[in-house]
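Raw structure_13.cif, mmCIF, C-alpha atoms:
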data_coords
loop_
_atom_site.label_atom_id
_atom_site.label_comp_id
_atom_site.auth_asym_id
_atom_site.auth_seq_id
_atom_site.Cartn_x
_atom_site.Cartn_y
_atom_site.Cartn_z
CA ARG A 244 2.45 47.24 72.15
CA LYS A 245 4.85 44.88 70.38
CA GLU A 246 7.92 46.49 68.89
CA VAL A 247 7.33 45.01 65.46
CA GLU A 248 3.92 43.87 64.24
CA GLN A 249 3.00 41.94 61.13
CA ASP A 250 -0.13 40.44 59.68
CA PRO A 251 0.46 36.72 60.32
CA GLY A 252 -1.45 35.62 57.23
CA PRO A 253 -1.44 33.05 55.88
CA PHE A 254 -1.44 34.45 52.38
CA ASN A 255 -2.34 31.84 49.78
CA VAL A 256 -1.80 33.11 46.24
CA PRO A 257 -1.57 31.56 42.76
CA GLU A 258 1.67 31.56 40.82
CA GLY A 259 2.19 34.84 39.03
CA ALA A 260 0.23 36.89 41.57
CA THR A 261 1.45 40.06 43.22
CA VAL A 262 1.37 40.04 47.00
CA ALA A 263 2.19 42.72 49.56
CA PHE A 264 3.07 42.49 53.23
CA ASN A 265 3.08 45.31 55.74
CA CYS A 266 4.82 45.71 59.04
CA THR A 267 4.59 48.44 61.68
CA TYR A 268 7.20 49.31 64.29
CA SER A 269 6.94 51.22 67.55
CA ASN A 270 10.39 52.77 68.03
CA SER A 271 10.43 56.05 66.13
CA ALA A 272 14.21 56.23 66.56
CA SER A 273 14.83 53.00 64.62
CA GLN A 274 17.30 53.36 61.78
CA SER A 275 17.75 49.86 60.37
CA PHE A 276 15.06 47.88 58.58
CA PHE A 277 15.11 44.51 56.88
CA TRP A 278 13.07 41.69 55.47
CA TYR A 279 14.23 38.15 56.26
CA ARG A 280 12.91 34.95 54.80
CA GLN A 281 12.51 31.74 56.78
CA ASP A 282 11.79 28.38 55.20
CA CYS A 283 10.12 25.63 57.19
CA ARG A 284 12.47 24.21 59.85
CA LYS A 285 15.31 26.44 58.71
CA GLU A 286 17.02 29.49 60.13
CA PRO A 287 16.08 33.01 58.92
CA LYS A 288 18.11 34.47 56.08
CA LEU A 289 18.37 38.05 54.92
CA LEU A 290 16.15 38.80 51.94
CA MET A 291 16.81 42.52 51.63
CA SER A 292 17.53 45.69 53.52
CA VAL A 293 14.98 48.51 53.39
CA TYR A 294 16.23 51.96 52.52
CA SER A 295 14.53 55.29 53.08
CA SER A 296 14.00 55.92 49.37
CA GLY A 297 12.65 52.42 48.76
CA ASN A 298 14.58 49.72 46.94
CA GLU A 299 14.06 46.91 44.51
CA ASP A 300 15.76 43.57 44.01
CA GLY A 301 14.36 41.73 41.03
CA ARG A 302 10.75 40.85 41.78
CA PHE A 303 10.97 42.22 45.32
CA THR A 304 10.33 45.84 46.30
CA ALA A 305 10.72 47.19 49.81
CA GLN A 306 9.46 50.55 51.04
CA LEU A 307 9.76 52.50 54.26
CA ASN A 308 7.36 55.12 55.57
CA ARG A 309 8.99 56.77 58.56
CA ALA A 310 6.12 59.13 59.30
CA SER A 311 3.69 56.25 59.72
CA GLN A 312 6.34 53.84 60.99
CA TYR A 313 5.66 51.04 58.57
CA ILE A 314 7.58 48.93 56.10
CA SER A 315 6.24 47.02 53.16
CA LEU A 316 7.40 44.19 50.93
CA LEU A 317 5.92 43.66 47.48
CA ILE A 318 6.51 40.43 45.58
CA ARG A 319 5.63 40.46 41.90
CA ASP A 320 5.12 37.44 39.66
CA SER A 321 5.11 35.01 42.61
CA LYS A 322 6.93 31.71 42.21
CA LEU A 323 6.33 28.45 44.02
CA SER A 324 9.77 28.89 45.56
CA ASP A 325 8.63 32.13 47.23
CA SER A 326 6.57 30.05 49.69
CA ALA A 327 8.06 30.84 53.10
CA THR A 328 7.57 32.99 56.16
CA TYR A 329 8.64 36.61 55.74
CA LEU A 330 9.99 38.34 58.81
CA CYS A 331 10.09 42.08 59.31
CA VAL A 332 13.14 43.19 61.30
CA VAL A 333 13.82 46.57 62.91
CA ASN A 334 16.60 47.64 65.22
CA GLY A 335 15.66 47.94 68.89
CA PRO A 336 16.36 50.55 71.55
CA TYR A 337 19.98 49.78 72.40
CA ASN A 338 21.84 50.34 69.16
CA ASN A 339 21.55 49.86 65.43
CA ASN A 340 22.59 46.22 65.64
CA ASP A 341 20.08 45.12 68.27
CA MET A 342 17.55 43.50 65.95
CA ARG A 343 13.90 42.84 66.77
CA PHE A 344 11.71 40.58 64.71
CA GLY A 345 8.06 40.56 63.85
CA ALA A 346 6.14 37.29 64.23
CA GLY A 347 6.29 36.71 60.48
CA THR A 348 3.84 36.48 57.59
CA ARG A 349 3.38 33.08 56.02
CA LEU A 350 3.09 32.95 52.23
CA THR A 351 2.06 29.92 50.20
CA VAL A 352 2.23 30.17 46.42
CA LYS A 353 0.13 27.53 44.67
CA PRO A 354 0.34 26.23 41.12
CA ASP B 109 30.95 32.23 54.33
CA VAL B 110 30.24 32.88 58.00
CA LYS B 111 29.54 29.82 60.02
CA VAL B 112 27.52 29.93 63.22
CA THR B 113 27.43 26.58 64.93
CA GLN B 114 25.04 25.54 67.66
CA SER B 115 26.14 22.54 69.65
CA SER B 116 22.92 20.51 69.47
CA ARG B 117 20.07 20.32 66.98
CA TYR B 118 17.70 18.60 69.42
CA LEU B 119 17.87 18.49 73.20
CA VAL B 120 15.57 16.90 75.76
CA LYS B 121 15.90 17.90 79.40
CA ARG B 122 13.92 17.48 82.59
CA THR B 123 12.33 20.22 84.66
CA GLY B 124 14.82 21.69 87.09
CA GLU B 125 17.93 20.70 85.16
CA LYS B 126 20.62 23.24 84.36
CA VAL B 127 20.93 23.54 80.59
CA PHE B 128 23.76 24.98 78.52
CA LEU B 129 23.24 25.95 74.89
CA GLU B 130 26.48 26.70 73.11
CA CYS B 131 27.06 28.85 70.05
CA VAL B 132 30.32 29.42 68.19
CA GLN B 133 31.02 31.73 65.24
CA ASP B 134 34.14 31.62 63.14
CA MET B 135 34.29 35.12 61.62
CA ASP B 136 35.51 37.25 64.50
CA HIS B 137 32.12 38.95 64.87
CA GLU B 138 31.67 41.42 67.70
CA ASN B 139 27.91 40.96 68.19
CA MET B 140 26.19 37.75 69.21
CA PHE B 141 22.53 37.14 69.98
CA TRP B 142 20.24 34.54 71.46
CA TYR B 143 16.61 34.36 70.32
CA ARG B 144 13.82 31.94 70.98
CA GLN B 145 11.16 31.25 68.38
CA ASP B 146 7.66 30.08 69.21
CA PRO B 147 4.67 29.62 66.89
CA GLY B 148 2.72 32.85 66.47
CA LEU B 149 5.27 34.85 68.44
CA GLY B 150 8.20 34.93 66.04
CA LEU B 151 11.74 35.46 67.24
CA ARG B 152 12.12 37.11 70.63
CA LEU B 153 15.45 38.43 71.81
CA ILE B 154 16.68 36.91 75.07
CA TYR B 155 20.16 38.43 75.40
CA PHE B 156 22.79 39.91 73.19
CA SER B 157 26.46 40.70 73.55
CA TYR B 158 28.49 43.30 71.72
CA ASP B 159 31.88 42.40 73.20
CA VAL B 160 33.61 39.82 75.34
CA LYS B 161 32.18 39.79 78.86
CA MET B 162 29.52 42.34 77.85
CA LYS B 163 25.82 41.49 77.73
CA GLU B 164 22.51 43.26 77.39
CA LYS B 165 19.05 41.96 78.24
CA GLY B 166 16.61 41.57 75.42
CA ASP B 167 12.83 41.32 75.64
CA ILE B 168 12.59 38.09 77.65
CA PRO B 169 15.70 37.52 79.82
CA GLU B 170 13.85 36.02 82.79
CA GLY B 171 14.96 32.48 83.54
CA TYR B 172 18.07 32.79 81.37
CA SER B 173 21.65 33.93 81.74
CA VAL B 174 24.50 34.18 79.26
CA SER B 175 28.25 33.95 79.18
CA ARG B 176 30.74 35.40 76.73
CA GLU B 177 34.24 34.62 77.94
CA LYS B 178 35.69 34.39 74.44
CA LYS B 179 34.76 36.40 71.37
CA GLU B 180 33.73 33.40 69.30
CA ARG B 181 31.52 31.72 71.89
CA PHE B 182 28.22 32.84 73.39
CA SER B 183 26.50 30.48 75.81
CA LEU B 184 22.88 30.54 76.92
CA ILE B 185 22.19 29.06 80.34
CA LEU B 186 18.88 27.92 81.76
CA GLU B 187 19.59 27.75 85.48
CA SER B 188 16.55 25.58 86.23
CA ALA B 189 14.71 24.50 83.12
CA SER B 190 10.95 24.76 83.09
CA THR B 191 8.37 23.42 80.63
CA ASN B 192 7.60 26.93 79.35
CA GLN B 193 11.17 27.11 78.09
CA THR B 194 10.45 24.42 75.53
CA SER B 195 11.21 26.23 72.30
CA MET B 196 13.47 26.63 69.28
CA TYR B 197 16.59 28.58 70.27
CA LEU B 198 18.47 30.47 67.59
CA CYS B 199 21.91 31.98 67.94
CA ALA B 200 23.05 34.75 65.59
CA SER B 201 26.08 36.96 65.05
CA SER B 202 26.89 40.16 63.18
CA PRO B 203 30.20 41.89 62.48
CA GLY B 204 29.77 44.93 64.77
CA GLN B 205 31.61 47.25 62.38
CA GLY B 206 28.73 49.44 61.30
CA ASN B 207 25.04 50.07 61.57
CA GLY B 208 22.24 47.76 60.62
CA GLU B 209 24.27 44.68 59.82
CA LYS B 210 23.11 41.37 58.44
CA LEU B 211 22.53 38.67 61.03
CA PHE B 212 24.02 35.24 60.49
CA PHE B 213 22.07 32.47 62.18
CA GLY B 214 22.93 29.03 63.41
CA SER B 215 20.65 26.11 62.54
CA GLY B 216 18.85 26.29 65.86
CA THR B 217 18.41 24.02 68.87
CA GLN B 218 14.98 22.55 69.52
CA LEU B 219 14.81 22.21 73.29
CA SER B 220 12.12 20.14 74.95
CA VAL B 221 11.74 20.37 78.72
CA LEU B 222 9.73 17.49 80.18
#
Written form, C-alpha coordinates:
Amino acid sequence: RKEVEQDPGPFNVPEGATVAFNCTYSNSASQSFFWYRQDCRKEPKLLMSVYSSGNEDGRFTAQLNRASQYISLLIRDSKLSDSATYLCVVNGPYNNNDMRFGAGTRLTVKP
Amino acid sequence: DVKVTQSSRYLVKRTGEKVFLECVQDMDHENMFWYRQDPGLGLRLIYFSYDVKMKEKGDIPEGYSVSREKKERFSLILESASTNQTSMYLCASSPGQGNGEKLFFGSGTQLSVL
(Lines of atoms letter the chains of each structure in order from A and count residues from 1; the text may use other names and numbers.)
(Lines give C-alpha, C1' and ligand atoms only; values in the text may rest on other atoms or scores of the structure.)
Protein backbone atom coordinates (compact mmCIF):
# COMPACT_ATOMS: atom_id res chain seq x y z
CA ARG A 1 0.00 0.00 0.00
CA LYS A 2 1.32 3.45 -0.87
CA GLU A 3 2.07 5.70 2.06
CA VAL A 4 -0.05 8.54 0.74
CA GLU A 5 -2.90 8.05 -1.72
CA GLN A 6 -4.92 10.62 -3.60
CA ASP A 7 -7.60 10.57 -6.25
CA PRO A 8 -5.63 11.66 -9.34
CA GLY A 9 -8.60 13.39 -10.94
CA PRO A 10 -8.64 15.32 -13.11
CA PHE A 11 -11.28 17.55 -11.60
CA ASN A 12 -12.75 19.96 -14.12
CA VAL A 13 -14.99 22.56 -12.48
CA PRO A 14 -16.53 25.90 -13.48
CA GLU A 15 -15.45 29.13 -11.87
CA GLY A 16 -17.21 29.68 -8.57
CA ALA A 17 -17.64 25.97 -7.84
CA THR A 18 -16.71 24.27 -4.60
CA VAL A 19 -14.38 21.31 -4.94
CA ALA A 20 -13.02 18.86 -2.39
CA PHE A 21 -10.01 16.58 -2.48
CA ASN A 22 -9.29 13.68 -0.16
CA CYS A 23 -6.10 11.92 0.73
CA THR A 24 -5.44 8.83 2.85
CA TYR A 25 -2.21 7.92 4.60
CA SER A 26 -0.93 4.61 5.93
CA ASN A 27 1.36 5.56 8.83
CA SER A 28 -0.82 5.94 11.91
CA ALA A 29 2.09 7.57 13.74
CA SER A 30 2.31 10.49 11.30
CA GLN A 31 2.17 13.89 12.96
CA SER A 32 2.68 16.41 10.16
CA PHE A 33 0.25 17.03 7.32
CA PHE A 34 0.25 19.52 4.48
CA TRP A 35 -1.22 20.47 1.16
CA TYR A 36 1.20 21.68 -1.52
CA ARG A 37 0.32 23.19 -4.85
CA GLN A 38 2.27 22.54 -8.03
CA ASP A 39 1.80 24.52 -11.22
CA CYS A 40 2.72 23.02 -14.57
CA ARG A 41 6.50 22.70 -14.98
CA LYS A 42 7.12 24.35 -11.62
CA GLU A 43 8.29 23.13 -8.25
CA PRO A 44 5.77 22.36 -5.45
CA LYS A 45 4.98 25.15 -3.03
CA LEU A 46 3.34 24.97 0.37
CA LEU A 47 -0.35 25.83 0.26
CA MET A 48 -1.23 25.16 3.89
CA SER A 49 -0.50 23.01 6.88
CA VAL A 50 -3.27 20.79 8.25
CA TYR A 51 -3.99 20.95 11.94
CA SER A 52 -5.88 18.48 14.09
CA SER A 53 -8.78 20.85 14.69
CA GLY A 54 -9.05 21.79 11.02
CA ASN A 55 -7.99 25.15 9.64
CA GLU A 56 -9.02 27.70 7.09
CA ASP A 57 -7.09 30.13 4.94
CA GLY A 58 -9.40 32.31 2.90
CA ARG A 59 -11.23 30.10 0.42
CA PHE A 60 -9.27 27.01 1.46
CA THR A 61 -10.22 24.68 4.32
CA ALA A 62 -8.16 21.71 5.42
CA GLN A 63 -9.31 18.95 7.74
CA LEU A 64 -7.68 15.96 9.37
CA ASN A 65 -9.37 12.76 10.50
CA ARG A 66 -6.83 10.77 12.48
CA ALA A 67 -9.15 7.86 13.22
CA SER A 68 -9.73 7.22 9.52
CA GLN A 69 -6.29 8.47 8.49
CA TYR A 70 -7.44 10.93 5.88
CA ILE A 71 -6.97 14.58 5.07
CA SER A 72 -9.19 16.79 2.99
CA LEU A 73 -8.89 20.09 1.17
CA LEU A 74 -11.95 22.15 0.29
CA ILE A 75 -11.74 25.03 -2.16
CA ARG A 76 -14.69 27.40 -2.25
CA ASP A 77 -15.53 29.88 -4.99
CA SER A 78 -12.94 28.42 -7.38
CA LYS A 79 -10.87 30.83 -9.46
CA LEU A 80 -9.15 30.21 -12.76
CA SER A 81 -5.86 30.71 -10.94
CA ASP A 82 -6.63 27.71 -8.71
CA SER A 83 -5.90 25.41 -11.68
CA ALA A 84 -2.94 23.31 -10.56
CA THR A 85 -2.03 19.94 -9.11
CA TYR A 86 -2.64 19.62 -5.38
CA LEU A 87 -0.28 17.37 -3.47
CA CYS A 88 -1.05 15.77 -0.13
CA VAL A 89 2.03 15.49 2.08
CA VAL A 90 2.49 13.46 5.26
CA ASN A 91 5.60 12.80 7.29
CA GLY A 92 7.15 9.36 6.85
CA PRO A 93 8.52 6.79 9.28
CA TYR A 94 11.88 8.33 10.17
CA ASN A 95 10.98 11.64 11.75
CA ASN A 96 8.57 14.54 11.49
CA ASN A 97 10.58 16.16 8.71
CA ASP A 98 10.78 13.16 6.39
CA MET A 99 8.01 14.15 3.99
CA ARG A 100 6.13 11.78 1.69
CA PHE A 101 3.97 12.97 -1.16
CA GLY A 102 0.83 11.69 -2.76
CA ALA A 103 0.71 11.49 -6.56
CA GLY A 104 -1.37 14.66 -6.71
CA THR A 105 -4.86 15.66 -7.81
CA ARG A 106 -5.13 17.78 -10.91
CA LEU A 107 -7.68 20.60 -10.87
CA THR A 108 -8.76 22.64 -13.87
CA VAL A 109 -11.10 25.58 -13.28
CA LYS A 110 -12.88 26.70 -16.43
CA PRO A 111 -14.57 30.00 -17.22
CA ASP B 1 13.73 34.14 0.93
CA VAL B 2 15.33 30.71 0.90
CA LYS B 3 17.06 29.81 -2.29
CA VAL B 4 17.58 26.21 -3.35
CA THR B 5 19.64 25.98 -6.50
CA GLN B 6 19.97 22.95 -8.71
CA SER B 7 22.94 23.01 -11.04
CA SER B 8 21.15 22.12 -14.28
CA ARG B 9 17.60 22.58 -15.55
CA TYR B 10 17.98 20.02 -18.33
CA LEU B 11 20.51 17.22 -18.65
CA VAL B 12 20.97 14.55 -21.30
CA LYS B 13 23.20 11.57 -20.55
CA ARG B 14 23.92 8.19 -22.05
CA THR B 15 23.25 4.80 -20.51
CA GLY B 16 26.10 3.76 -18.25
CA GLU B 17 27.41 7.25 -17.59
CA LYS B 18 28.04 8.45 -14.05
CA VAL B 19 25.80 11.43 -13.35
CA PHE B 20 26.07 14.06 -10.63
CA LEU B 21 23.11 16.25 -9.72
CA GLU B 22 24.07 19.11 -7.45
CA CYS B 23 21.89 21.06 -5.04
CA VAL B 24 22.87 24.04 -2.92
CA GLN B 25 20.80 25.91 -0.32
CA ASP B 26 21.74 29.24 1.15
CA MET B 27 19.81 29.31 4.45
CA ASP B 28 21.84 27.01 6.67
CA HIS B 29 19.13 24.33 6.62
CA GLU B 30 19.82 21.07 8.39
CA ASN B 31 17.60 18.83 6.24
CA MET B 32 18.00 18.21 2.54
CA PHE B 33 16.07 15.86 0.28
CA TRP B 34 16.17 14.37 -3.18
CA TYR B 35 12.91 13.38 -4.89
CA ARG B 36 12.08 12.20 -8.36
CA GLN B 37 8.77 13.01 -9.98
CA ASP B 38 7.15 10.89 -12.66
CA PRO B 39 3.70 11.25 -14.24
CA GLY B 40 1.05 9.43 -12.23
CA LEU B 41 3.49 8.60 -9.44
CA GLY B 42 4.04 11.99 -7.87
CA LEU B 43 7.16 12.77 -5.89
CA ARG B 44 9.05 9.80 -4.51
CA LEU B 45 11.77 10.23 -1.92
CA ILE B 46 15.17 8.88 -2.96
CA TYR B 47 17.39 9.96 -0.06
CA PHE B 48 17.41 12.58 2.61
CA SER B 49 20.02 14.00 4.94
CA TYR B 50 19.50 15.62 8.32
CA ASP B 51 23.13 16.59 8.93
CA VAL B 52 26.51 16.74 7.26
CA LYS B 53 27.72 13.26 6.31
CA MET B 54 24.39 11.76 7.45
CA LYS B 55 21.95 10.16 5.03
CA GLU B 56 18.83 8.04 5.13
CA LYS B 57 17.29 5.98 2.35
CA GLY B 58 13.90 6.98 1.12
CA ASP B 59 11.42 4.88 -0.83
CA ILE B 60 13.51 4.29 -3.97
CA PRO B 61 17.27 4.47 -3.24
CA GLU B 62 18.28 1.69 -5.63
CA GLY B 63 20.64 2.91 -8.34
CA TYR B 64 21.39 6.15 -6.49
CA SER B 65 23.83 7.39 -3.88
CA VAL B 66 24.22 10.76 -2.18
CA SER B 67 26.92 12.90 -0.68
CA ARG B 68 26.70 15.64 1.92
CA GLU B 69 30.20 16.84 2.73
CA LYS B 70 29.10 20.40 3.44
CA LYS B 71 25.89 21.59 5.04
CA GLU B 72 24.77 23.66 2.08
CA ARG B 73 25.35 21.04 -0.62
CA PHE B 74 23.60 17.74 -1.23
CA SER B 75 24.62 15.75 -4.29
CA LEU B 76 22.72 12.93 -5.96
CA ILE B 77 24.84 10.42 -7.86
CA LEU B 78 23.72 7.94 -10.47
CA GLU B 79 26.62 5.49 -10.59
CA SER B 80 25.60 4.03 -13.95
CA ALA B 81 22.66 5.81 -15.50
CA SER B 82 19.87 3.74 -16.98
CA THR B 83 16.90 4.71 -19.14
CA ASN B 84 14.46 4.09 -16.27
CA GLN B 85 16.16 6.92 -14.40
CA THR B 86 14.86 9.43 -16.92
CA SER B 87 12.81 11.72 -14.71
CA MET B 88 12.41 15.13 -13.11
CA TYR B 89 14.65 15.36 -10.03
CA LEU B 90 13.72 17.80 -7.30
CA CYS B 91 15.93 18.86 -4.43
CA ALA B 92 14.41 20.35 -1.27
CA SER B 93 15.55 21.63 2.11
CA SER B 94 13.96 22.43 5.45
CA PRO B 95 15.35 24.15 8.55
CA GLY B 96 15.55 21.12 10.88
CA GLN B 97 14.64 23.17 13.95
CA GLY B 98 11.23 21.71 14.68
CA ASN B 99 8.57 19.32 13.55
CA GLY B 100 6.69 19.33 10.30
CA GLU B 101 8.58 22.09 8.55
CA LYS B 102 7.91 23.66 5.19
CA LEU B 103 9.96 22.27 2.33
CA PHE B 104 11.74 24.65 0.00
CA PHE B 105 12.26 23.24 -3.47
CA GLY B 106 14.72 23.91 -6.24
CA SER B 107 13.44 24.36 -9.80
CA GLY B 108 14.19 20.76 -10.71
CA THR B 109 16.48 18.97 -13.16
CA GLN B 110 14.89 17.14 -16.06
CA LEU B 111 17.24 14.25 -16.74
CA SER B 112 17.01 12.22 -19.92
CA VAL B 113 19.04 9.03 -20.18
CA LEU B 114 19.42 7.80 -23.76
Got a sec to check which residues sit within 10 Å of (16.6, 15.7, 67.7), counting only C-alpha atoms, and write them as a count of residues only? 9
Selection: 8 Å around region 314-322 of chain A, only C-alpha atoms, excl. self and same-chain fewer than 4 positions, as a list in words: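 Counting only C-alpha atoms, the residues come to Pro257, Glu258, Gly259, Ala260, Thr261, Val262, Ala263, Phe264, Asn265, Cys266, Thr267, Phe276, Trp278, Val293, Arg302, Phe303, Thr304, Ala305, Gln306, Leu307, Asn308, Ser326, Cys331 and Val352 of chain A.
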Mind dumping the selected residues with C-alpha atoms as an mmCIF file, keeping the file's coordinate frame?
data_model
loop_
_atom_site.group_PDB
_atom_site.id
_atom_site.type_symbol
_atom_site.label_atom_id
_atom_site.label_comp_id
_atom_site.auth_asym_id
_atom_site.auth_seq_id
_atom_site.Cartn_x
_atom_site.Cartn_y
_atom_site.Cartn_z
ATOM 1 C CA PRO A 257 -1.570 31.560 42.760
ATOM 2 C CA GLU A 258 1.670 31.560 40.820
ATOM 3 C CA GLY A 259 2.190 34.840 39.030
ATOM 4 C CA ALA A 260 0.230 36.890 41.570
ATOM 5 C CA THR A 261 1.450 40.060 43.220
ATOM 6 C CA VAL A 262 1.370 40.040 47.000
ATOM 7 C CA ALA A 263 2.190 42.720 49.560
ATOM 8 C CA PHE A 264 3.070 42.490 53.230
ATOM 9 C CA ASN A 265 3.080 45.310 55.740
ATOM 10 C CA CYS A 266 4.820 45.710 59.040
ATOM 11 C CA THR A 267 4.590 48.440 61.680
ATOM 12 C CA PHE A 276 15.060 47.880 58.580
ATOM 13 C CA TRP A 278 13.070 41.690 55.470
ATOM 14 C CA VAL A 293 14.980 48.510 53.390
ATOM 15 C CA ARG A 302 10.750 40.850 41.780
ATOM 16 C CA PHE A 303 10.970 42.220 45.320
ATOM 17 C CA THR A 304 10.330 45.840 46.300
ATOM 18 C CA ALA A 305 10.720 47.190 49.810
ATOM 19 C CA GLN A 306 9.460 50.550 51.040
ATOM 20 C CA LEU A 307 9.760 52.500 54.260
ATOM 21 C CA ASN A 308 7.360 55.120 55.570
ATOM 22 C CA SER A 326 6.570 30.050 49.690
ATOM 23 C CA CYS A 331 10.090 42.080 59.310
ATOM 24 C CA VAL A 352 2.230 30.170 46.420
#
Report as CSV the residues of chain B within 8 Å of chain A, each with its shortest atom pair and distance in Å (one decimal), using all atoms listed in the file, ordered by chain and increasing residue number.
residue,atom,partner,partner_atom,distance
B:Asn139,CA,A:Asn340,CA,7.9
B:Gly148,CA,A:Ala346,CA,6.0
B:Leu149,CA,A:Ala346,CA,4.9
B:Gly150,CA,A:Ala346,CA,3.6
B:Leu151,CA,A:Phe344,CA,5.7
B:Arg152,CA,A:Phe344,CA,6.9
B:Leu153,CA,A:Arg343,CA,6.9
B:Phe156,CA,A:Asp341,CA,7.7
B:Leu198,CA,A:Glu286,CA,7.7
B:Ser202,CA,A:Asn340,CA,7.8
B:Gly204,CA,A:Asn340,CA,7.3
B:Asn207,CA,A:Asn339,CA,5.2
B:Gly208,CA,A:Ser275,CA,5.0
B:Glu209,CA,A:Asn340,CA,6.3
B:Lys210,CA,A:Leu289,CA,6.8
B:Leu211,CA,A:Leu289,CA,7.4
B:Phe212,CA,A:Lys288,CA,7.4
B:Phe213,CA,A:Glu286,CA,6.2
B:Gly214,CA,A:Glu286,CA,6.8
B:Ser215,CA,A:Glu286,CA,5.5
B:Gly216,CA,A:Glu286,CA,6.8
Take CA of Thr191 (chain B) and CA of Gly124 (chain B) and report the distance between them in Å, one decimal.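 Between CA of Thr191 (chain B) and CA of Gly124 (chain B) the gap works out to 9.3 Å.
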Output, as AutoDock Vina command-line options, the centre and edge lengths in Å (one decimal) of the axis-aligned box that contains all listed atoms of region 275-282 of chain A with 8 Å of margin on each side.
--center_x 14.8 --center_y 39.1 --center_z 57.6 --size_x 22.0 --size_y 37.5 --size_z 21.6
Provide the CA of Pro203 (chain B) to CA of Arg144 (chain B) distance in Å, to one decimal place.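 Taking CA of Pro203 (chain B) as the start and CA of Arg144 (chain B) as the end point, the length is 21.0 Å.
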Expressed in Å to a single decimal, how great is the separation between CA of Glu187 (chain B) and CA of Asp167 (chain B)? 18.1 Å
Residues within 9 Å of Lys179 (chain B), all atoms listed in the file, excluding chain neighbours under 5 positions, as an MDAnalysis selection string: chainID B and resid 132:133 136:140 159:161
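Distance check against Asn270 (chain A) using all atoms listed in the file: of A:Asn255, A:Gln312, A:Ser295, A:Gln249, the minimum falls on A:Gln312.
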Picked residues, the PyMOL selection byres ((chain B and resi 184) around 7), as a PDB file with C-alpha atoms, keeping the file's coordinate frame:
ATOM      1  CA  PHE B 128      23.760  24.980  78.520  1.00  0.00           C
ATOM      2  CA  LEU B 129      23.240  25.950  74.890  1.00  0.00           C
ATOM      3  CA  GLU B 130      26.480  26.700  73.110  1.00  0.00           C
ATOM      4  CA  TYR B 172      18.070  32.790  81.370  1.00  0.00           C
ATOM      5  CA  SER B 173      21.650  33.930  81.740  1.00  0.00           C
ATOM      6  CA  VAL B 174      24.500  34.180  79.260  1.00  0.00           C
ATOM      7  CA  SER B 175      28.250  33.950  79.180  1.00  0.00           C
ATOM      8  CA  PHE B 182      28.220  32.840  73.390  1.00  0.00           C
ATOM      9  CA  SER B 183      26.500  30.480  75.810  1.00  0.00           C
ATOM     10  CA  ILE B 185      22.190  29.060  80.340  1.00  0.00           C
ATOM     11  CA  LEU B 186      18.880  27.920  81.760  1.00  0.00           C
TER      12      LEU B 186
END
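When the PyMOL selection byres ((chain B and resi 222) around 6) is evaluated against the file, it yields Arg122, Thr123 and Val221 of chain B.
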